[in-house]
file entry_12.pdb (PDB, C-alpha atoms, pLDDT in the B column)
ATOM      1  CA  MET X 678       0.000   0.000   0.000  1.00 96.00           C
ATOM      2  CA  LYS X 679       1.263   3.469  -0.906  1.00 98.00           C
ATOM      3  CA  ILE X 680       0.501   6.515   1.245  1.00 98.00           C
ATOM      4  CA  PHE X 681       1.243  10.163   0.457  1.00 98.00           C
ATOM      5  CA  SER X 682       1.407  12.366   3.567  1.00 98.00           C
ATOM      6  CA  ILE X 683       1.701  16.150   3.374  1.00 98.00           C
ATOM      7  CA  GLY X 684       1.356  19.035   5.807  1.00 98.00           C
ATOM      8  CA  CYS X 685       3.349  21.709   7.583  1.00 98.00           C
ATOM      9  CA  SER X 686       6.133  21.015  10.109  1.00 98.00           C
ATOM     10  CA  TRP X 687       3.659  18.993  12.217  1.00 98.00           C
ATOM     11  CA  ASN X 688       3.976  16.433   9.409  1.00 98.00           C
ATOM     12  CA  GLU X 689       7.753  16.101   9.842  1.00 98.00           C
ATOM     13  CA  SER X 690       7.935  13.026  12.074  1.00 98.00           C
ATOM     14  CA  TRP X 691       4.714  11.110  12.640  1.00 98.00           C
ATOM     15  CA  PRO X 692       4.684   9.392   9.182  1.00 98.00           C
ATOM     16  CA  ASP X 693       8.047   7.817  10.097  1.00 98.00           C
ATOM     17  CA  PHE X 694       6.217   5.605  12.588  1.00 98.00           C
ATOM     18  CA  ILE X 695       3.865   4.046  10.025  1.00 97.00           C
ATOM     19  CA  SER X 696       4.440   0.292   9.680  1.00 96.00           C
ATOM     20  CA  ASP X 697       7.173  -0.832   7.306  1.00 95.00           C
ATOM     21  CA  ASP X 698       4.690  -2.818   5.216  1.00 94.00           C
ATOM     22  CA  LYS X 699       3.310   0.504   3.940  1.00 96.00           C
ATOM     23  CA  ASP X 700       5.226   2.666   1.470  1.00 98.00           C
ATOM     24  CA  VAL X 701       4.998   6.257   2.759  1.00 98.00           C
ATOM     25  CA  THR X 702       6.017   9.410   0.894  1.00 98.00           C
ATOM     26  CA  LYS X 703       6.253  12.359   3.292  1.00 98.00           C
ATOM     27  CA  VAL X 704       6.260  16.089   2.539  1.00 98.00           C
ATOM     28  CA  ALA X 705       6.657  18.528   5.455  1.00 98.00           C
ATOM     29  CA  MET X 706       6.274  22.155   4.365  1.00 98.00           C
ATOM     30  CA  HIS X 707       7.661  24.142   7.271  1.00 97.00           C
ATOM     31  CA  GLY X 708       5.877  27.440   7.811  1.00 96.00           C
ATOM     32  CA  LYS X 709       3.467  26.957   4.905  1.00 97.00           C
ATOM     33  CA  GLY X 710      -0.303  27.303   4.761  1.00 98.00           C
ATOM     34  CA  ILE X 711      -3.083  25.247   3.259  1.00 98.00           C
ATOM     35  CA  LYS X 712      -3.025  27.005  -0.114  1.00 97.00           C
ATOM     36  CA  GLU X 713       0.671  26.248  -0.545  1.00 98.00           C
ATOM     37  CA  ILE X 714       0.090  22.663   0.548  1.00 98.00           C
ATOM     38  CA  ARG X 715      -2.622  22.292  -2.090  1.00 98.00           C
ATOM     39  CA  ASN X 716      -0.331  23.785  -4.736  1.00 98.00           C
ATOM     40  CA  GLU X 717       2.405  21.309  -3.793  1.00 98.00           C
ATOM     41  CA  MET X 718      -0.035  18.409  -4.056  1.00 98.00           C
ATOM     42  CA  LEU X 719      -0.609  19.350  -7.682  1.00 98.00           C
ATOM     43  CA  ASN X 720       3.089  18.721  -8.340  1.00 98.00           C
ATOM     44  CA  HIS X 721       2.688  15.039  -7.465  1.00 98.00           C
ATOM     45  CA  ASN X 722       0.896  12.228  -9.268  1.00 98.00           C
ATOM     46  CA  LEU X 723      -1.521  11.430  -6.468  1.00 98.00           C
ATOM     47  CA  ASN X 724      -3.033   8.582  -8.502  1.00 97.00           C
ATOM     48  CA  GLU X 725       0.081   6.580  -7.686  1.00 98.00           C
ATOM     49  CA  TYR X 726      -1.064   6.403  -4.068  1.00 98.00           C
ATOM     50  CA  ASP X 727      -3.821   4.497  -2.308  1.00 98.00           C
ATOM     51  CA  TYR X 728      -4.324   7.139   0.385  1.00 98.00           C
ATOM     52  CA  VAL X 729      -3.445  10.818   0.728  1.00 98.00           C
ATOM     53  CA  VAL X 730      -3.169  12.195   4.275  1.00 98.00           C
ATOM     54  CA  VAL X 731      -3.265  15.978   4.632  1.00 98.00           C
ATOM     55  CA  GLN X 732      -2.297  17.421   8.019  1.00 98.00           C
ATOM     56  CA  LEU X 733      -3.900  20.827   8.494  1.00 98.00           C
ATOM     57  CA  PRO X 734      -1.749  23.932   9.139  1.00 98.00           C
ATOM     58  CA  THR X 735      -2.876  27.086  10.926  1.00 98.00           C
ATOM     59  CA  PRO X 736      -5.429  29.124   8.944  1.00 98.00           C
ATOM     60  CA  ILE X 737      -3.386  32.240   9.761  1.00 97.00           C
ATOM     61  CA  ARG X 738      -0.990  31.354   6.937  1.00 97.00           C
ATOM     62  CA  SER X 739      -3.817  31.726   4.419  1.00 96.00           C
ATOM     63  CA  PHE X 740      -4.406  35.395   5.164  1.00 96.00           C
ATOM     64  CA  ARG X 741      -3.570  37.664   2.222  1.00 94.00           C
ATOM     65  CA  TYR X 742      -1.938  34.816   0.334  1.00 95.00           C
ATOM     66  CA  PRO X 743      -0.101  35.053  -2.064  1.00 94.00           C
ATOM     67  CA  GLU X 744       0.702  38.657  -1.091  1.00 94.00           C
ATOM     68  CA  LEU X 745       2.406  37.438   2.098  1.00 95.00           C
ATOM     69  CA  ALA X 746       3.835  34.224   0.610  1.00 93.00           C
ATOM     70  CA  GLY X 747       7.217  33.355   2.068  1.00 92.00           C
ATOM     71  CA  GLU X 748       6.743  35.435   5.204  1.00 93.00           C
ATOM     72  CA  ALA X 749       7.008  34.006   8.718  1.00 93.00           C
ATOM     73  CA  THR X 750       3.871  32.953  10.598  1.00 95.00           C
ATOM     74  CA  ARG X 751       4.399  35.985  12.840  1.00 92.00           C
ATOM     75  CA  VAL X 752       3.955  38.299   9.837  1.00 93.00           C
ATOM     76  CA  TYR X 753       0.707  36.583   8.815  1.00 96.00           C
ATOM     77  CA  HIS X 754      -0.517  36.882  12.405  1.00 94.00           C
ATOM     78  CA  VAL X 755       0.323  40.586  12.700  1.00 93.00           C
ATOM     79  CA  ASN X 756      -1.363  41.369   9.372  1.00 94.00           C
ATOM     80  CA  PHE X 757      -4.439  39.371  10.311  1.00 96.00           C
ATOM     81  CA  VAL X 758      -4.864  41.095  13.671  1.00 95.00           C
ATOM     82  CA  ASP X 759      -4.215  44.509  12.071  1.00 94.00           C
ATOM     83  CA  SER X 760      -7.112  43.800   9.696  1.00 96.00           C
ATOM     84  CA  PHE X 761      -9.490  44.076  12.679  1.00 96.00           C
ATOM     85  CA  LYS X 762      -9.189  47.836  12.207  1.00 94.00           C
ATOM     86  CA  GLU X 763     -10.965  47.446   8.836  1.00 94.00           C
ATOM     87  CA  GLN X 764     -13.527  44.823   9.865  1.00 94.00           C
ATOM     88  CA  ASP X 765     -14.547  43.453  13.240  1.00 96.00           C
ATOM     89  CA  GLU X 766     -12.730  40.399  14.574  1.00 97.00           C
ATOM     90  CA  ASP X 767     -15.681  38.011  14.201  1.00 97.00           C
ATOM     91  CA  THR X 768     -16.139  38.922  10.539  1.00 98.00           C
ATOM     92  CA  ALA X 769     -12.407  38.599   9.854  1.00 97.00           C
ATOM     93  CA  CYS X 770     -12.323  35.170  11.497  1.00 98.00           C
ATOM     94  CA  ASP X 771     -15.418  33.972   9.641  1.00 98.00           C
ATOM     95  CA  ASN X 772     -14.025  35.106   6.292  1.00 98.00           C
ATOM     96  CA  LEU X 773     -10.661  33.444   6.881  1.00 98.00           C
ATOM     97  CA  LEU X 774     -12.159  30.185   8.155  1.00 98.00           C
ATOM     98  CA  ASN X 775     -14.663  30.015   5.286  1.00 98.00           C
ATOM     99  CA  SER X 776     -11.814  30.361   2.797  1.00 98.00           C
ATOM    100  CA  TYR X 777      -9.866  27.710   4.719  1.00 98.00           C
ATOM    101  CA  LYS X 778     -12.821  25.325   4.553  1.00 98.00           C
ATOM    102  CA  GLU X 779     -13.114  25.874   0.813  1.00 98.00           C
ATOM    103  CA  ASP X 780      -9.453  24.906   0.488  1.00 98.00           C
ATOM    104  CA  ILE X 781     -10.088  21.739   2.508  1.00 98.00           C
ATOM    105  CA  LEU X 782     -12.953  20.781   0.198  1.00 98.00           C
ATOM    106  CA  SER X 783     -10.794  21.499  -2.833  1.00 98.00           C
ATOM    107  CA  ILE X 784      -8.003  19.321  -1.448  1.00 98.00           C
ATOM    108  CA  SER X 785     -10.461  16.533  -0.721  1.00 98.00           C
ATOM    109  CA  SER X 786     -11.473  16.491  -4.372  1.00 98.00           C
ATOM    110  CA  LEU X 787      -7.926  15.784  -5.570  1.00 98.00           C
ATOM    111  CA  HIS X 788      -8.032  12.068  -4.736  1.00 98.00           C
ATOM    112  CA  LYS X 789     -10.732   9.540  -3.871  1.00 97.00           C
ATOM    113  CA  ASN X 790      -9.061   8.681  -0.549  1.00 98.00           C
ATOM    114  CA  VAL X 791      -7.968  11.972   0.973  1.00 98.00           C
ATOM    115  CA  ILE X 792      -7.817  11.820   4.768  1.00 98.00           C
ATOM    116  CA  ILE X 793      -7.866  15.204   6.489  1.00 98.00           C
ATOM    117  CA  PHE X 794      -5.744  15.148   9.645  1.00 98.00           C
ATOM    118  CA  LEU X 795      -6.504  17.683  12.391  1.00 98.00           C
ATOM    119  CA  TYR X 796      -3.561  17.154  14.754  1.00 98.00           C
ATOM    120  CA  ASN X 797      -3.678  19.380  17.839  1.00 98.00           C
ATOM    121  CA  THR X 798      -0.697  19.778  20.149  1.00 98.00           C
ATOM    122  CA  GLY X 799      -0.300  22.915  22.229  1.00 96.00           C
ATOM    123  CA  GLY X 800      -3.467  24.307  20.631  1.00 97.00           C
ATOM    124  CA  TYR X 801      -2.016  24.312  17.114  1.00 98.00           C
ATOM    125  CA  PRO X 802      -3.414  24.657  14.469  1.00 98.00           C
ATOM    126  CA  LEU X 803      -6.709  26.295  15.467  1.00 98.00           C
ATOM    127  CA  ARG X 804      -5.937  27.711  18.947  1.00 98.00           C
ATOM    128  CA  HIS X 805      -2.252  28.582  18.537  1.00 96.00           C
ATOM    129  CA  PRO X 806      -0.890  31.004  17.550  1.00 95.00           C
ATOM    130  CA  PHE X 807      -4.330  32.586  17.081  1.00 97.00           C
ATOM    131  CA  ASP X 808      -7.242  31.250  19.111  1.00 98.00           C
ATOM    132  CA  PHE X 809     -10.321  30.820  16.919  1.00 98.00           C
ATOM    133  CA  GLY X 810     -12.410  29.711  19.889  1.00 98.00           C
ATOM    134  CA  LYS X 811     -12.594  27.077  22.584  1.00 97.00           C
ATOM    135  CA  ASP X 812     -15.003  24.953  20.525  1.00 98.00           C
ATOM    136  CA  ILE X 813     -13.238  25.428  17.187  1.00 98.00           C
ATOM    137  CA  ASP X 814     -11.964  21.837  16.942  1.00 98.00           C
ATOM    138  CA  ASP X 815     -15.473  20.499  17.492  1.00 98.00           C
ATOM    139  CA  ARG X 816     -16.827  22.878  14.871  1.00 98.00           C
ATOM    140  CA  PHE X 817     -14.354  21.563  12.334  1.00 98.00           C
ATOM    141  CA  VAL X 818     -15.168  17.946  13.165  1.00 98.00           C
ATOM    142  CA  ASP X 819     -18.821  18.840  12.459  1.00 98.00           C
ATOM    143  CA  PHE X 820     -17.716  20.390   9.165  1.00 98.00           C
ATOM    144  CA  PHE X 821     -15.837  17.224   8.178  1.00 98.00           C
ATOM    145  CA  GLN X 822     -18.841  15.057   9.034  1.00 98.00           C
ATOM    146  CA  ASP X 823     -21.352  17.337   7.312  1.00 98.00           C
ATOM    147  CA  ASN X 824     -19.305  17.113   4.103  1.00 98.00           C
ATOM    148  CA  ASN X 825     -18.687  13.350   4.336  1.00 98.00           C
ATOM    149  CA  LEU X 826     -14.921  13.815   4.486  1.00 98.00           C
ATOM    150  CA  LYS X 827     -12.549  11.117   5.617  1.00 97.00           C
ATOM    151  CA  PHE X 828     -10.703  12.555   8.608  1.00 98.00           C
ATOM    152  CA  VAL X 829      -8.660  11.891  11.719  1.00 98.00           C
ATOM    153  CA  TYR X 830      -8.964  14.159  14.737  1.00 98.00           C
ATOM    154  CA  LEU X 831      -6.303  13.794  17.414  1.00 98.00           C
ATOM    155  CA  SER X 832      -5.969  16.373  20.177  1.00 98.00           C
ATOM    156  CA  TYR X 833      -3.544  16.567  23.081  1.00 97.00           C
ATOM    157  CA  GLU X 834      -4.432  20.145  23.904  1.00 97.00           C
ATOM    158  CA  GLY X 835      -4.053  20.679  27.647  1.00 95.00           C
ATOM    159  CA  VAL X 836      -2.399  17.275  28.173  1.00 96.00           C
ATOM    160  CA  PRO X 837       1.196  17.319  29.486  1.00 96.00           C
ATOM    161  CA  GLY X 838       3.947  15.429  27.704  1.00 95.00           C
ATOM    162  CA  HIS X 839       2.771  15.858  24.132  1.00 97.00           C
ATOM    163  CA  CYS X 840       4.754  18.881  22.934  1.00 96.00           C
ATOM    164  CA  ARG X 841       8.383  18.784  21.833  1.00 96.00           C
ATOM    165  CA  HIS X 842       9.603  21.165  24.545  1.00 94.00           C
ATOM    166  CA  GLU X 843       7.627  21.822  27.701  1.00 93.00           C
ATOM    167  CA  GLU X 844       8.599  22.279  31.336  1.00 90.00           C
ATOM    168  CA  GLU X 845       6.836  22.142  34.691  1.00 87.00           C
ATOM    169  CA  TRP X 846       6.313  25.641  36.036  1.00 80.00           C
ATOM    170  CA  ASP X 847       3.902  26.351  38.871  1.00 78.00           C
ATOM    171  CA  ASP X 848       4.680  30.077  39.195  1.00 78.00           C
ATOM    172  CA  PRO X 849       1.994  31.974  37.172  1.00 79.00           C
ATOM    173  CA  GLU X 850       3.838  35.306  37.400  1.00 82.00           C
ATOM    174  CA  PHE X 851       7.103  33.881  36.076  1.00 75.00           C
ATOM    175  CA  LYS X 852       5.188  32.002  33.383  1.00 75.00           C
ATOM    176  CA  ASP X 853       3.583  35.269  32.293  1.00 79.00           C
ATOM    177  CA  TYR X 854       6.989  36.973  32.276  1.00 76.00           C
ATOM    178  CA  VAL X 855       8.480  34.270  30.042  1.00 76.00           C
ATOM    179  CA  GLN X 856       5.547  34.458  27.614  1.00 75.00           C
ATOM    180  CA  LYS X 857       5.965  38.215  27.324  1.00 77.00           C
ATOM    181  CA  SER X 858       9.702  37.747  26.740  1.00 77.00           C
ATOM    182  CA  VAL X 859       9.045  35.268  23.940  1.00 74.00           C
ATOM    183  CA  LYS X 860       6.629  37.707  22.313  1.00 73.00           C
ATOM    184  CA  ARG X 861       9.251  40.468  22.507  1.00 74.00           C
ATOM    185  CA  MET X 862      11.669  38.182  20.663  1.00 72.00           C
ATOM    186  CA  LEU X 863       8.966  37.672  18.033  1.00 71.00           C
ATOM    187  CA  ASP X 864       8.767  41.468  17.751  1.00 72.00           C
ATOM    188  CA  MET X 865       5.004  41.761  18.210  1.00 70.00           C
ATOM    189  CA  HIS X 866       3.198  44.715  19.698  1.00 68.00           C
ATOM    190  CA  GLY X 867      -0.292  45.836  20.695  1.00 75.00           C
ATOM    191  CA  ARG X 868      -3.207  43.607  19.770  1.00 85.00           C
ATOM    192  CA  ALA X 869      -1.033  41.220  17.764  1.00 87.00           C
ATOM    193  CA  ASP X 870       0.915  40.576  20.972  1.00 86.00           C
ATOM    194  CA  GLU X 871      -2.285  39.972  22.942  1.00 87.00           C
ATOM    195  CA  LYS X 872      -3.676  37.606  20.311  1.00 93.00           C
ATOM    196  CA  TRP X 873      -0.594  35.368  20.055  1.00 91.00           C
ATOM    197  CA  VAL X 874      -1.402  32.575  22.525  1.00 91.00           C
ATOM    198  CA  TRP X 875      -0.447  29.072  23.602  1.00 89.00           C
ATOM    199  CA  GLN X 876      -2.720  26.480  25.226  1.00 93.00           C
ATOM    200  CA  HIS X 877      -0.531  25.463  28.150  1.00 90.00           C
ATOM    201  CA  PRO X 878      -1.511  22.502  30.342  1.00 91.00           C
ATOM    202  CA  GLU X 879      -1.891  23.380  34.016  1.00 88.00           C
ATOM    203  CA  ASN X 880       1.490  24.101  35.650  1.00 88.00           C
ATOM    204  CA  ILE X 881       3.238  23.463  32.311  1.00 90.00           C
ATOM    205  CA  MET X 882       5.007  25.961  30.068  1.00 89.00           C
ATOM    206  CA  ILE X 883       5.155  25.095  26.366  1.00 90.00           C
ATOM    207  CA  PHE X 884       8.260  26.366  24.601  1.00 89.00           C
ATOM    208  CA  ASP X 885       7.795  24.386  21.385  1.00 93.00           C
ATOM    209  CA  ALA X 886       4.284  23.194  20.542  1.00 95.00           C
ATOM    210  CA  HIS X 887       5.416  20.717  17.870  1.00 97.00           C
ATOM    211  CA  PRO X 888       4.435  17.136  18.709  1.00 98.00           C
ATOM    212  CA  SER X 889       6.620  15.009  20.950  1.00 97.00           C
ATOM    213  CA  GLU X 890       7.770  11.554  19.867  1.00 98.00           C
ATOM    214  CA  LYS X 891       5.067  10.031  22.075  1.00 97.00           C
ATOM    215  CA  SER X 892       2.412  12.070  20.251  1.00 98.00           C
ATOM    216  CA  ASN X 893       3.806  11.174  16.830  1.00 98.00           C
ATOM    217  CA  LYS X 894       3.792   7.444  17.575  1.00 98.00           C
ATOM    218  CA  LYS X 895       0.144   7.681  18.624  1.00 98.00           C
ATOM    219  CA  ALA X 896      -0.682   9.794  15.547  1.00 98.00           C
ATOM    220  CA  ALA X 897       0.822   7.174  13.242  1.00 98.00           C
ATOM    221  CA  LYS X 898      -1.176   4.407  14.916  1.00 98.00           C
ATOM    222  CA  VAL X 899      -4.463   6.321  14.756  1.00 98.00           C
ATOM    223  CA  VAL X 900      -4.022   7.185  11.062  1.00 98.00           C
ATOM    224  CA  GLU X 901      -2.867   3.678  10.183  1.00 97.00           C
ATOM    225  CA  ASP X 902      -5.767   2.069  12.049  1.00 96.00           C
ATOM    226  CA  LEU X 903      -8.217   4.213  10.078  1.00 94.00           C
ATOM    227  CA  ILE X 904      -6.583   3.283   6.774  1.00 95.00           C
ATOM    228  CA  ASP X 905      -6.694  -0.399   7.725  1.00 93.00           C
ATOM    229  CA  GLU X 906     -10.422  -0.032   8.390  1.00 91.00           C
ATOM    230  CA  TYR X 907     -10.942   1.370   4.892  1.00 82.00           C
ATOM    231  CA  LYS X 908      -9.031  -1.446   3.173  1.00 72.00           C
TER     232      LYS X 908
END
call {"tool": "encode", "arguments": {"input": "entry_12.pdb", "output": "structure tokens"}}
result
Amino acid sequence: MKIFSIGCSWNESWPDFISDDKDVTKVAMHGKGIKEIRNEMLNHNLNEYDYVVVQLPTPIRSFRYPELAGEATRVYHVNFVDSFKEQDEDTACDNLLNSYKEDILSISSLHKNVIIFLYNTGGYPLRHPFDFGKDIDDRFVDFFQDNNLKFVYLSYEGVPGHCRHEEEWDDPEFKDYVQKSVKRMLDMHGRADEKWVWQHPENIMIFDAHPSEKSNKKAAKVVEDLIDEYK
């Protein structure tokens, strides 16, 4: 069986834990958004594969694309938050998420066995760096189901031990100080600073929200189990 797996940097490691009896081609597009992921998919002959797994990146990287293409996620975030001066935040979020959903539907049409993978560690992709709402994951699961999409939803948000770099810190004031220091290094100010958030577990400070090895091993098993069910 041949599997094509593509996504952002969250797609870097988990496909490596798929069983050896499956032939996996992996593409990890660090810092890229869903539109760039779709464009890259068009460069591959997807008909050579039995299944295509698409790990979802943050919607932030879709804002004003291709105008902002090649910029860091921070730049997308700052531009998105600055747009609240032109339209209210709810409208801006709805417009961005509707465009994002259209891209998901377009991607799903590229192959008969596309599996959409919503892989949440540290709140990413829908609650970090920008928080689209506490129930946003559930809303997207409803969207997948309403559109009869094949999907995997795996969330370790709020669960210790599932991000690449996290430490136990039970001092809220020092935790707040460190977060502000990180934001200064990212060179964000005003509302953009306020809107850049992490979803830390209780008494845990996340320094790198990318999945840990433990998370990636579980992700591979969950995706592989679903594919085995479809066989």
call {"tool": "residues_around", "arguments": {"input": "entry_12.pdb", "residues": "Pro878 (chain X)", "least_positions_apart": "2", "cutoff": "6 Å", "atoms": "all atoms listed in the file", "output": "PDB file with C-alpha atoms, keeping the file's coordinate frame"}}
result
ATOM      1  CA  GLY X 835      -4.053  20.679  27.647  1.00 95.00           C
ATOM      2  CA  VAL X 836      -2.399  17.275  28.173  1.00 96.00           C
ATOM      3  CA  PRO X 837       1.196  17.319  29.486  1.00 96.00           C
ATOM      4  CA  ILE X 881       3.238  23.463  32.311  1.00 90.00           C
TER       5      ILE X 881
END
call {"tool": "resolve_selection", "arguments": {"input": "entry_12.pdb", "expression": "the PyMOL selection byres ((chain X and resi 839-846) around 8)", "output": "JSON, numbers by chain"}}
result
{"X": [798, 799, 833, 836, 837, 838, 847, 848, 849, 852, 880, 881, 882, 883, 884, 885, 886, 887, 888, 889, 890, 891, 892]}
call {"tool": "write_last_selection", "arguments": {"input": "entry_12.pdb", "atoms": "C-alpha atoms", "output": "PDB file, in the frame of the given file"}}
result
ATOM      1  CA  THR X 798      -0.697  19.778  20.149  1.00 98.00           C
ATOM      2  CA  GLY X 799      -0.300  22.915  22.229  1.00 96.00           C
ATOM      3  CA  TYR X 833      -3.544  16.567  23.081  1.00 97.00           C
ATOM      4  CA  VAL X 836      -2.399  17.275  28.173  1.00 96.00           C
ATOM      5  CA  PRO X 837       1.196  17.319  29.486  1.00 96.00           C
ATOM      6  CA  GLY X 838       3.947  15.429  27.704  1.00 95.00           C
ATOM      7  CA  ASP X 847       3.902  26.351  38.871  1.00 78.00           C
ATOM      8  CA  ASP X 848       4.680  30.077  39.195  1.00 78.00           C
ATOM      9  CA  PRO X 849       1.994  31.974  37.172  1.00 79.00           C
ATOM     10  CA  LYS X 852       5.188  32.002  33.383  1.00 75.00           C
ATOM     11  CA  ASN X 880       1.490  24.101  35.650  1.00 88.00           C
ATOM     12  CA  ILE X 881       3.238  23.463  32.311  1.00 90.00           C
ATOM     13  CA  MET X 882       5.007  25.961  30.068  1.00 89.00           C
ATOM     14  CA  ILE X 883       5.155  25.095  26.366  1.00 90.00           C
ATOM     15  CA  PHE X 884       8.260  26.366  24.601  1.00 89.00           C
ATOM     16  CA  ASP X 885       7.795  24.386  21.385  1.00 93.00           C
ATOM     17  CA  ALA X 886       4.284  23.194  20.542  1.00 95.00           C
ATOM     18  CA  HIS X 887       5.416  20.717  17.870  1.00 97.00           C
ATOM     19  CA  PRO X 888       4.435  17.136  18.709  1.00 98.00           C
ATOM     20  CA  SER X 889       6.620  15.009  20.950  1.00 97.00           C
ATOM     21  CA  GLU X 890       7.770  11.554  19.867  1.00 98.00           C
ATOM     22  CA  LYS X 891       5.067  10.031  22.075  1.00 97.00           C
ATOM     23  CA  SER X 892       2.412  12.070  20.251  1.00 98.00           C
TER      24      SER X 892
END
call {"tool": "resolve_selection", "arguments": {"input": "entry_12.pdb", "expression": "the PyMOL selection byres ((chain X and resi 746) around 12)", "output": "ChimeraX atom specification"}}
result
/X:708-713,737-745,747-750,752-753
call {"tool": "write_last_selection", "arguments": {"input": "entry_12.pdb", "atoms": "C-alpha atoms", "output": "mmCIF file, in the coordinates of the input"}}
result
data_model
loop_
_atom_site.group_PDB
_atom_site.id
_atom_site.type_symbol
_atom_site.label_atom_id
_atom_site.label_comp_id
_atom_site.auth_asym_id
_atom_site.auth_seq_id
_atom_site.Cartn_x
_atom_site.Cartn_y
_atom_site.Cartn_z
ATOM 1 C CA GLY X 708 5.877 27.440 7.811
ATOM 2 C CA LYS X 709 3.467 26.957 4.905
ATOM 3 C CA GLY X 710 -0.303 27.303 4.761
ATOM 4 C CA ILE X 711 -3.083 25.247 3.259
ATOM 5 C CA LYS X 712 -3.025 27.005 -0.114
ATOM 6 C CA GLU X 713 0.671 26.248 -0.545
ATOM 7 C CA ILE X 737 -3.386 32.240 9.761
ATOM 8 C CA ARG X 738 -0.990 31.354 6.937
ATOM 9 C CA SER X 739 -3.817 31.726 4.419
ATOM 10 C CA PHE X 740 -4.406 35.395 5.164
ATOM 11 C CA ARG X 741 -3.570 37.664 2.222
ATOM 12 C CA TYR X 742 -1.938 34.816 0.334
ATOM 13 C CA PRO X 743 -0.101 35.053 -2.064
ATOM 14 C CA GLU X 744 0.702 38.657 -1.091
ATOM 15 C CA LEU X 745 2.406 37.438 2.098
ATOM 16 C CA GLY X 747 7.217 33.355 2.068
ATOM 17 C CA GLU X 748 6.743 35.435 5.204
ATOM 18 C CA ALA X 749 7.008 34.006 8.718
ATOM 19 C CA THR X 750 3.871 32.953 10.598
ATOM 20 C CA VAL X 752 3.955 38.299 9.837
ATOM 21 C CA TYR X 753 0.707 36.583 8.815
#
call {"tool": "closest_atom_pairs", "arguments": {"input": "entry_12.pdb", "of": "region 728-771 of chain X", "to": "region 679-689 of chain X", "cutoff": "6 Å", "atoms": "only C-alpha atoms", "output": "CSV"}}
result
residue,atom,partner,partner_atom,distance
X:Tyr728,CA,X:Ile680,CA,4.9
X:Val729,CA,X:Phe681,CA,4.7
X:Val730,CA,X:Ser682,CA,4.6
X:Val731,CA,X:Ile683,CA,5.1
X:Gln732,CA,X:Gly684,CA,4.6
X:Pro734,CA,X:Cys685,CA,5.8
call {"tool": "axis_aligned_box", "arguments": {"input": "entry_12.pdb", "around": "region 892-901 of chain X", "padding_each_side": "8 Å", "output": "JSON"}}
result
{"center_x": -0.3, "center_y": 7.9, "center_z": 15.2, "size_x": 24.3, "size_y": 24.4, "size_z": 26.1}
call {"tool": "resolve_selection", "arguments": {"input": "entry_12.pdb", "expression": "the PyMOL selection byres ((chain X and resi 757-773) around 12)", "output": "PyMOL selection string"}}
result
chain X and resi 711+735-742+745+750-756+774-780+803+806-810+813+865-873
call {"tool": "atom_distance", "arguments": {"input": "entry_12.pdb", "atom1": "CA of His788 (chain X)", "atom2": "CA of Asp693 (chain X)"}}
result
22.3 Å
call {"tool": "atom_distance", "arguments": {"input": "entry_12.pdb", "atom1": "CA of Lys857 (chain X)", "atom2": "CA of His707 (chain X)"}}
result
24.6 Å
call {"tool": "atom_distance", "arguments": {"input": "entry_12.pdb", "atom1": "CA of Ser785 (chain X)", "atom2": "CA of Asp697 (chain X)"}}
result
26.0 Å
call {"tool": "closest_residue", "arguments": {"input": "entry_12.pdb", "among": "X:Val704, X:Ile792, X:Ile695, X:Ile784", "to": "Asn893 (chain X)", "atoms": "only C-alpha atoms"}}
result
X:Ile695
call {"tool": "residues_around", "arguments": {"input": "entry_12.pdb", "residues": "Lys895 (chain X)", "least_positions_apart": "6", "cutoff": "10 Å", "atoms": "all atoms listed in the file", "output": "list of chain:residue names"}}
result
X:Trp691, X:Phe694, X:Leu831, X:Glu901
call {"tool": "decode", "arguments": {"input": "entry_12.pdb", "residues": "region 749-772 of chain X", "atoms": "C-alpha atoms", "output": "PDB file, in the first residue's frame"}}
result
ATOM      1  CA  ALA X 749       7.008  34.006   8.718  1.00  0.00           C
ATOM      2  CA  THR X 750       3.871  32.953  10.598  1.00  0.00           C
ATOM      3  CA  ARG X 751       4.399  35.985  12.840  1.00  0.00           C
ATOM      4  CA  VAL X 752       3.955  38.299   9.837  1.00  0.00           C
ATOM      5  CA  TYR X 753       0.707  36.583   8.815  1.00  0.00           C
ATOM      6  CA  HIS X 754      -0.517  36.882  12.405  1.00  0.00           C
ATOM      7  CA  VAL X 755       0.323  40.586  12.700  1.00  0.00           C
ATOM      8  CA  ASN X 756      -1.363  41.369   9.372  1.00  0.00           C
ATOM      9  CA  PHE X 757      -4.439  39.371  10.311  1.00  0.00           C
ATOM     10  CA  VAL X 758      -4.864  41.095  13.671  1.00  0.00           C
ATOM     11  CA  ASP X 759      -4.215  44.509  12.071  1.00  0.00           C
ATOM     12  CA  SER X 760      -7.112  43.800   9.696  1.00  0.00           C
ATOM     13  CA  PHE X 761      -9.490  44.076  12.679  1.00  0.00           C
ATOM     14  CA  LYS X 762      -9.189  47.836  12.207  1.00  0.00           C
ATOM     15  CA  GLU X 763     -10.965  47.446   8.836  1.00  0.00           C
ATOM     16  CA  GLN X 764     -13.527  44.823   9.865  1.00  0.00           C
ATOM     17  CA  ASP X 765     -14.547  43.453  13.240  1.00  0.00           C
ATOM     18  CA  GLU X 766     -12.730  40.399  14.574  1.00  0.00           C
ATOM     19  CA  ASP X 767     -15.681  38.011  14.201  1.00  0.00           C
ATOM     20  CA  THR X 768     -16.139  38.922  10.539  1.00  0.00           C
ATOM     21  CA  ALA X 769     -12.407  38.599   9.854  1.00  0.00           C
ATOM     22  CA  CYS X 770     -12.323  35.170  11.497  1.00  0.00           C
ATOM     23  CA  ASP X 771     -15.418  33.972   9.641  1.00  0.00           C
ATOM     24  CA  ASN X 772     -14.025  35.106   6.292  1.00  0.00           C
TER      25      ASN X 772
END
